[in-house]
file start.cif (mmCIF, C-alpha atoms (C1' of nucleotides))
data_model
loop_
_atom_site.label_atom_id
_atom_site.label_comp_id
_atom_site.auth_asym_id
_atom_site.auth_seq_id
_atom_site.Cartn_x
_atom_site.Cartn_y
_atom_site.Cartn_z
CA MET F 575 63.48 110.74 101.09
CA ARG F 576 66.56 112.89 101.27
CA LEU F 577 67.51 111.63 97.84
CA ASP F 578 64.15 112.63 96.46
CA ASN F 579 64.49 116.12 97.81
CA MET F 580 67.97 116.44 96.50
CA LEU F 581 67.01 115.32 93.02
CA LEU F 582 64.05 117.61 93.06
CA ALA F 583 66.20 120.54 94.11
CA GLU F 584 68.58 119.85 91.28
CA GLY F 585 65.72 119.76 88.84
CA VAL F 586 66.39 116.16 87.89
CA SER F 587 63.21 114.56 89.11
CA GLY F 588 61.03 117.62 88.89
CA PRO F 589 58.50 118.40 86.18
CA GLU F 590 60.05 117.98 82.77
CA LYS F 591 60.31 121.37 81.12
CA GLY F 592 59.60 120.08 77.67
CA GLY F 593 61.56 117.29 76.08
CA GLY F 594 63.52 119.71 73.95
CA SER F 595 65.11 121.49 76.87
CA ALA F 596 68.20 119.36 76.75
CA ALA F 597 68.59 119.79 73.04
CA ALA F 598 67.97 123.52 73.34
CA ALA F 599 70.61 123.89 76.02
CA ALA F 600 73.08 121.86 74.01
CA ALA F 601 72.39 123.91 70.95
CA ALA F 602 72.85 127.12 72.90
CA ALA F 603 76.14 125.84 74.26
CA ALA F 604 77.33 124.87 70.82
CA ALA F 605 76.13 127.97 69.00
CA GLY F 606 77.07 130.75 71.40
CA GLY F 607 80.81 130.55 71.54
CA SER F 608 82.20 133.99 72.00
CA PRO F 609 81.00 135.52 75.26
CA ASN F 610 83.10 133.73 77.81
CA ASP F 611 81.28 135.69 80.45
CA GLY F 612 80.14 132.82 82.59
CA SER F 613 77.22 131.90 80.44
CA ILE F 614 79.06 129.23 78.54
CA GLU F 615 80.01 126.94 81.35
CA HIS F 616 76.61 127.48 82.84
CA SER F 617 74.80 126.27 79.77
CA ASP F 618 77.28 123.47 79.47
CA TYR F 619 76.47 122.49 83.00
CA ARG F 620 72.79 122.64 82.29
CA ALA F 621 73.18 120.48 79.23
CA LYS F 622 74.97 117.82 81.20
CA LEU F 623 72.36 118.03 83.92
CA ALA F 624 69.64 117.57 81.34
CA GLN F 625 71.45 114.52 80.07
CA ILE F 626 71.53 113.05 83.54
CA ARG F 627 67.90 113.84 83.96
CA GLN F 628 67.02 112.12 80.71
CA ILE F 629 68.90 108.99 81.66
CA TYR F 630 67.29 109.04 85.06
CA HIS F 631 63.81 109.29 83.65
CA SER F 632 64.25 106.65 81.00
CA GLU F 633 65.69 104.26 83.57
CA LEU F 634 62.89 105.02 85.97
CA GLU F 635 60.34 104.35 83.28
CA LYS F 636 62.02 101.09 82.41
CA TYR F 637 61.87 100.01 86.01
CA GLU F 638 58.24 100.91 86.34
CA GLN F 639 57.38 99.03 83.21
CA ALA F 640 59.30 95.99 84.36
CA CYS F 641 57.60 96.21 87.72
CA SER F 642 54.10 96.23 86.28
CA GLU F 643 54.99 93.49 83.83
CA PHE F 644 56.31 91.32 86.58
CA THR F 645 53.30 92.03 88.74
CA ASN F 646 51.05 91.04 85.90
CA HIS F 647 52.96 87.87 85.40
CA VAL F 648 52.69 86.91 89.04
CA MET F 649 49.01 87.73 89.07
CA ASN F 650 48.42 85.47 86.14
CA LEU F 651 50.26 82.68 87.85
CA LEU F 652 48.23 83.13 90.98
CA ARG F 653 45.06 83.20 88.99
CA GLU F 654 46.00 79.95 87.38
CA GLN F 655 46.77 78.44 90.73
CA SER F 656 43.49 79.63 92.14
CA ARG F 657 41.80 76.95 90.09
CA THR F 658 43.59 74.21 91.98
CA ARG F 659 43.78 75.78 95.41
CA PRO F 660 42.03 78.63 97.21
CA ILE F 661 44.01 81.86 97.23
CA SER F 662 42.95 84.64 99.52
CA PRO F 663 43.03 88.26 98.31
CA LYS F 664 45.30 88.93 101.22
CA GLU F 665 47.89 86.61 99.83
CA ILE F 666 47.74 88.37 96.47
CA GLU F 667 48.13 91.70 98.15
CA ARG F 668 51.12 90.40 100.04
CA MET F 669 52.81 89.22 96.87
CA VAL F 670 52.23 92.51 95.13
CA GLY F 671 53.62 94.33 98.12
CA ILE F 672 56.77 92.23 98.05
CA ILE F 673 57.29 92.90 94.36
CA HIS F 674 56.79 96.61 94.72
CA ARG F 675 59.19 96.81 97.62
CA LYS F 676 61.83 94.99 95.62
CA PHE F 677 61.48 97.38 92.74
CA SER F 678 61.46 100.42 94.94
CA THR F 679 64.79 99.43 96.41
CA ILE F 680 66.13 99.19 92.90
CA GLN F 681 64.74 102.65 92.21
CA MET F 682 66.45 103.81 95.35
CA GLN F 683 69.75 102.70 93.96
CA LEU F 684 69.05 104.52 90.73
CA LYS F 685 68.29 107.67 92.65
CA GLN F 686 71.43 107.33 94.67
CA SER F 687 73.68 106.88 91.69
CA THR F 688 71.96 109.78 89.95
CA CYS F 689 72.62 111.88 93.00
CA GLU F 690 76.25 110.95 92.90
CA ALA F 691 76.46 111.87 89.24
CA VAL F 692 74.92 115.24 89.95
CA MET F 693 77.32 115.88 92.79
CA ILE F 694 80.27 115.04 90.62
CA LEU F 695 78.93 117.31 87.92
CA ARG F 696 78.50 120.10 90.42
CA SER F 697 81.99 119.82 91.78
CA ARG F 698 83.31 119.63 88.27
CA PHE F 699 81.58 122.67 86.88
CA LEU F 700 80.71 124.94 89.74
CA ASP F 701 84.10 124.85 91.39
CA ALA F 702 85.58 128.16 90.28
CA ARG F 703 89.06 126.76 90.58
CA ARG F 704 88.46 124.73 87.49
CA LYS F 705 87.84 127.75 85.31
CA ARG F 706 90.50 130.01 86.69
CA ARG F 707 91.64 132.81 84.42
CA ASN F 708 94.58 135.04 85.13
CA PHE F 709 93.92 138.71 85.58
CA ASN F 710 95.01 140.93 82.76
CA LYS F 711 98.34 142.73 82.77
CA GLN F 712 97.16 146.13 83.90
CA ALA F 713 95.06 144.67 86.67
CA THR F 714 98.08 142.94 88.19
CA GLU F 715 100.02 146.14 87.59
CA VAL F 716 97.57 148.10 89.65
CA LEU F 717 97.48 145.50 92.39
CA ASN F 718 101.23 145.15 92.54
CA GLU F 719 101.64 148.89 92.58
CA TYR F 720 99.44 149.15 95.60
CA PHE F 721 101.07 146.19 97.29
CA TYR F 722 104.63 147.40 96.92
CA SER F 723 103.84 150.98 97.74
CA HIS F 724 102.15 149.81 100.95
CA LEU F 725 104.68 147.13 101.69
CA SER F 726 104.95 148.07 105.33
CA ASN F 727 101.26 147.47 105.78
CA PRO F 728 99.76 145.76 102.73
CA TYR F 729 96.24 145.56 104.09
CA PRO F 730 93.92 147.70 101.98
CA SER F 731 90.84 148.97 103.71
CA GLU F 732 87.41 148.10 102.47
CA GLU F 733 87.20 151.29 100.47
CA ALA F 734 90.65 150.78 99.03
CA LYS F 735 89.67 147.30 98.01
CA GLU F 736 86.60 148.64 96.30
CA GLU F 737 88.68 151.15 94.41
CA LEU F 738 91.16 148.53 93.34
CA ALA F 739 88.34 146.25 92.32
CA LYS F 740 86.85 148.96 90.17
CA LYS F 741 90.18 149.79 88.57
CA CYS F 742 90.93 146.15 87.83
CA ALA F 743 87.42 145.17 86.79
CA ILE F 744 87.33 142.37 89.34
CA THR F 745 85.33 141.81 92.50
CA VAL F 746 86.27 142.94 95.97
CA SER F 747 86.67 139.38 97.14
CA GLN F 748 89.03 138.77 94.24
CA VAL F 749 91.07 141.69 95.47
CA SER F 750 91.05 140.17 98.93
CA ASN F 751 92.11 136.84 97.50
CA TRP F 752 94.89 138.49 95.58
CA PHE F 753 96.25 140.31 98.60
CA GLY F 754 95.96 137.23 100.75
CA ASN F 755 97.91 135.20 98.25
CA LYS F 756 100.40 137.97 97.65
CA ARG F 757 101.16 138.55 101.30
CA ILE F 758 101.69 134.92 102.12
CA ARG F 759 103.74 134.26 99.01
CA TYR F 760 105.80 137.38 99.41
CA LYS F 761 106.75 136.63 102.93
CA LYS F 762 107.35 132.98 102.10
CA ASN F 763 110.41 134.01 100.21
CA ILE F 764 111.08 137.64 99.84
CA GLY F 765 114.08 136.90 97.69
CA LYS F 766 112.00 135.66 94.83
CA PHE F 767 110.02 138.88 94.77
CA GLN F 768 112.97 141.21 95.17
CA GLU F 769 113.17 141.99 91.50
CA GLU F 770 109.48 142.71 91.28
CA ALA F 771 109.66 144.82 94.42
CA ASN F 772 112.47 146.89 93.00
CA LEU F 773 110.63 147.30 89.74
CA TYR F 774 107.54 148.69 91.37
CA ALA F 775 109.57 150.76 93.79
CA VAL F 776 111.25 152.40 90.83
CA LYS F 777 107.96 152.82 89.09
CA THR F 778 106.34 154.64 91.96
CA ALA F 779 109.49 156.64 92.51
CA VAL F 780 109.43 157.71 88.90
CA ASP F 781 105.80 158.68 89.21
CA ALA F 782 106.55 160.69 92.30
CA ALA F 783 109.50 162.27 90.56
CA SER F 784 107.44 163.25 87.57
CA VAL F 785 104.83 164.74 89.84
CA SER F 786 107.37 166.76 91.75
CA ALA F 787 109.06 167.64 88.50
CA GLN F 788 105.88 169.28 87.37
CA ALA F 789 105.85 171.35 90.51
CA SER F 790 109.48 172.31 90.65
CA GLN F 791 111.57 172.40 87.48
CA ALA F 792 113.26 169.02 87.06
CA ASN F 793 116.78 168.48 88.22
CA SER F 794 117.97 164.86 87.98
CA PRO F 795 115.64 162.65 86.00
CA ALA F 796 118.27 159.96 85.32
CA THR F 797 118.71 158.67 88.86
CA PRO F 798 115.29 158.09 90.32
CA ASN F 799 116.58 156.72 93.56
CA SER F 800 119.34 157.74 95.87
CA GLY F 801 121.42 154.97 97.34
CA GLY F 802 119.47 151.79 98.01
CA TYR F 803 115.85 150.96 97.51
CA PRO F 804 113.31 151.84 100.12
CA ALA F 805 114.01 148.64 102.00
CA PRO F 806 111.11 146.22 101.80
CA CYS F 807 110.06 146.37 105.39
CA TYR F 808 107.00 144.20 105.47
CA THR F 809 108.02 141.94 108.27
CA PRO F 810 105.61 139.01 108.13
CA ASP F 811 103.94 140.19 111.27
CA GLY F 812 104.59 140.53 114.93
CA ARG F 813 103.84 137.00 115.88
CA LEU F 814 106.66 134.53 115.42
"C1'" DG H 465 105.37 117.38 79.44
"C1'" DG H 466 106.90 118.86 83.61
"C1'" DA H 467 108.07 122.99 86.42
"C1'" DT H 468 106.34 126.99 88.02
"C1'" DA H 469 102.86 130.78 88.55
"C1'" DT H 470 98.39 131.98 89.97
"C1'" DG H 471 93.54 132.50 91.38
"C1'" DA H 472 90.25 130.13 94.44
"C1'" DT H 473 88.85 127.23 98.31
"C1'" DT H 474 89.14 125.37 102.90
"C1'" DG H 475 90.03 125.00 107.77
"C1'" DA H 476 92.13 127.10 111.64
"C1'" DT H 477 93.07 131.13 114.32
"C1'" DT H 478 92.35 135.55 116.28
"C1'" DA N 297 84.74 138.92 109.94
"C1'" DA N 298 89.53 139.15 108.36
"C1'" DT N 299 93.54 136.82 107.71
"C1'" DC N 300 96.87 132.93 107.41
"C1'" DA N 301 98.50 128.62 105.77
"C1'" DA N 302 97.93 124.72 103.13
"C1'" DT N 303 96.02 122.94 99.18
"C1'" DC N 304 93.58 122.46 94.78
"C1'" DA N 305 93.06 123.02 89.86
"C1'" DT N 306 94.17 125.46 86.16
"C1'" DA N 307 97.47 128.66 83.17
"C1'" DT N 308 101.59 129.58 81.50
"C1'" DC N 309 106.42 128.99 80.58
"C1'" DC N 310 110.36 126.52 79.07
#

call {"tool": "encode", "arguments": {"input": "start.cif", "output": "structure tokens"}}
result
Amino acid sequence: MRLDNMLLAEGVSGPEKGGGSAAAAAAAAAAGGSPNDGSIEHSDYRAKLAQIRQIYHSELEKYEQACSEFTNHVMNLLREQSRTRPISPKEIERMVGIIHRKFSTIQMQLKQSTCEAVMILRSRFLDARRKRRNFNKQATEVLNEYFYSHLSNPYPSEEAKEELAKKCAITVSQVSNWFGNKRIRYKKNIGKFQEEANLYAVKTAVDAASVSAQASQANSPATPNSGGYPAPCYTPDGRL
DNA sequence: GGATATGATTGATT
DNA sequence: AATCAATCATATCC
């Protein structure tokens, strides 16, 4: 029963939405090529699902046909035998019941394997990790800028995250993911990120300098930083 | 082609 | 609920 519900939920065993649905989905997937905005893998997924559904239905039909054929055959045999020996209707009923049970277990197996196929398809297509795309240059610029200019406490508030998300054209949870990854990877070996850190430190320093230069007439534009860099001080956290 | 970078997911922790 | 740490699956680089 669980299998039935599952297949129904996935739209495999439900009412067939016209035989051409699979073809239509496939055609849509093949024709529309440009907008990579999520629609493509979705239609691809749907096409594959439709394929599974088609196989499922044709197999199911085959089984049903075989079942009725076999039942007929047995009935004929019994009828023939009834001329030589008395056969009670109960016995016939029993035989039919046995046959139907046999075939329903076979159908069960079909349903199970179909379920498995659907699950595999799901994990294959709906797992976002499989269609990962890197953020564009300026998005990572913005994120890195924030990260390195808040290195002592790189935990943007909800509002800050929303701002960053807007600037980078990504979602808030993507911003959270990015900061989570960045923090852990930064602290994992700070050395590897030193260059990047310096780069963004200089960048923000230059920005600050240009801002102050607008206020007070510029004095030393060549050396943006006195002495060392502002010491990356994001110690991984209190807990050791 | 493998090494590395990177975004996303998962399970644990608080 | 937010974050960490490990891990997965893909992108990108060489």

call {"tool": "residues_around", "arguments": {"input": "start.cif", "residues": "DG471 (chain H)", "least_positions_apart": "2", "cutoff": "12 Å", "atoms": "only C-alpha atoms (C1' of nucleotides)", "output": "PyMOL selection string"}}
result
(chain F and resi 702-709+714+744+747-756) or (chain H and resi 469+473) or (chain N and resi 304-307)

call {"tool": "residues_around", "arguments": {"input": "start.cif", "residues": "DT468 (chain H)", "least_positions_apart": "4", "cutoff": "12 Å", "atoms": "only C-alpha atoms (C1' of nucleotides)", "output": "PDB file with C-alpha atoms (C1' of nucleotides), in the coordinates of the input"}}
result
ATOM      1  C1'  DA N 307      97.470 128.660  83.170  1.00  0.00           C
ATOM      2  C1'  DT N 308     101.590 129.580  81.500  1.00  0.00           C
ATOM      3  C1'  DC N 309     106.420 128.990  80.580  1.00  0.00           C
ATOM      4  C1'  DC N 310     110.360 126.520  79.070  1.00  0.00           C
TER       5       DC N 310
END

call {"tool": "residues_around", "arguments": {"input": "start.cif", "residues": "DC300 (chain N)", "least_positions_apart": "6", "cutoff": "12 Å", "atoms": "all atoms listed in the file", "output": "list in words"}}
result
Asn751, Phe753, Gly754, Asn755, Lys756, Arg757, Ile758, Arg759, Lys761, Lys762, Pro810, Asp811 and Arg813 of chain F; DT474, DG475, DA476, DT477 and DT478 of chain H

call {"tool": "write_last_selection", "arguments": {"input": "start.cif", "atoms": "C-alpha atoms (C1' of nucleotides)", "output": "PDB file, in the frame of the given file"}}
result
ATOM      1  CA  ASN F 751      92.110 136.840  97.500  1.00  0.00           C
ATOM      2  CA  PHE F 753      96.250 140.310  98.600  1.00  0.00           C
ATOM      3  CA  GLY F 754      95.960 137.230 100.750  1.00  0.00           C
ATOM      4  CA  ASN F 755      97.910 135.200  98.250  1.00  0.00           C
ATOM      5  CA  LYS F 756     100.400 137.970  97.650  1.00  0.00           C
ATOM      6  CA  ARG F 757     101.160 138.550 101.300  1.00  0.00           C
ATOM      7  CA  ILE F 758     101.690 134.920 102.120  1.00  0.00           C
ATOM      8  CA  ARG F 759     103.740 134.260  99.010  1.00  0.00           C
ATOM      9  CA  LYS F 761     106.750 136.630 102.930  1.00  0.00           C
ATOM     10  CA  LYS F 762     107.350 132.980 102.100  1.00  0.00           C
ATOM     11  CA  PRO F 810     105.610 139.010 108.130  1.00  0.00           C
ATOM     12  CA  ASP F 811     103.940 140.190 111.270  1.00  0.00           C
ATOM     13  CA  ARG F 813     103.840 137.000 115.880  1.00  0.00           C
TER      14      ARG F 813
ATOM     15  C1'  DT H 474      89.140 125.370 102.900  1.00  0.00           C
ATOM     16  C1'  DG H 475      90.030 125.000 107.770  1.00  0.00           C
ATOM     17  C1'  DA H 476      92.130 127.100 111.640  1.00  0.00           C
ATOM     18  C1'  DT H 477      93.070 131.130 114.320  1.00  0.00           C
ATOM     19  C1'  DT H 478      92.350 135.550 116.280  1.00  0.00           C
TER      20       DT H 478
END

call {"tool": "closest_residue", "arguments": {"input": "start.cif", "among": "F:Asn772, F:Thr745, F:Ser687, F:Ser697", "to": "chain N", "atoms": "all atoms listed in the file"}}
result
F:Ser697

call {"tool": "atom_distance", "arguments": {"input": "start.cif", "atom1": "CA of Glu690 (chain F)", "atom2": "CA of Leu623 (chain F)"}}
result
12.1 Å

call {"tool": "atom_distance", "arguments": {"input": "start.cif", "atom1": "CA of Gln681 (chain F)", "atom2": "CA of Tyr619 (chain F)"}}
result
24.8 Å

call {"tool": "atom_distance", "arguments": {"input": "start.cif", "atom1": "CA of Tyr720 (chain F)", "atom2": "CA of Glu733 (chain F)"}}
result
13.3 Å

call {"tool": "axis_aligned_box", "arguments": {"input": "start.cif", "around": "chain H", "padding_each_side": "8 Å", "output": "AutoDock Vina command-line options"}}
result
--center_x 98.5 --center_y 126.5 --center_z 97.9 --size_x 35.2 --size_y 34.2 --size_z 52.8

call {"tool": "residues_around", "arguments": {"input": "start.cif", "residues": "Asn718 (chain F)", "least_positions_apart": "4", "cutoff": "9 Å", "atoms": "only C-alpha atoms (C1' of nucleotides)", "output": "count of residues only"}}
result
8

call {"tool": "resolve_selection", "arguments": {"input": "start.cif", "expression": "the PyMOL selection byres ((chain F and resi 677) around 12)", "output": "PyMOL selection string"}}
result
chain F and resi 634-645+670-676+678-684

call {"tool": "closest_residue", "arguments": {"input": "start.cif", "among": "F:Arg698, F:Lys766, F:Glu736, F:Leu773", "to": "chain N", "atoms": "all atoms listed in the file"}}
result
F:Arg698
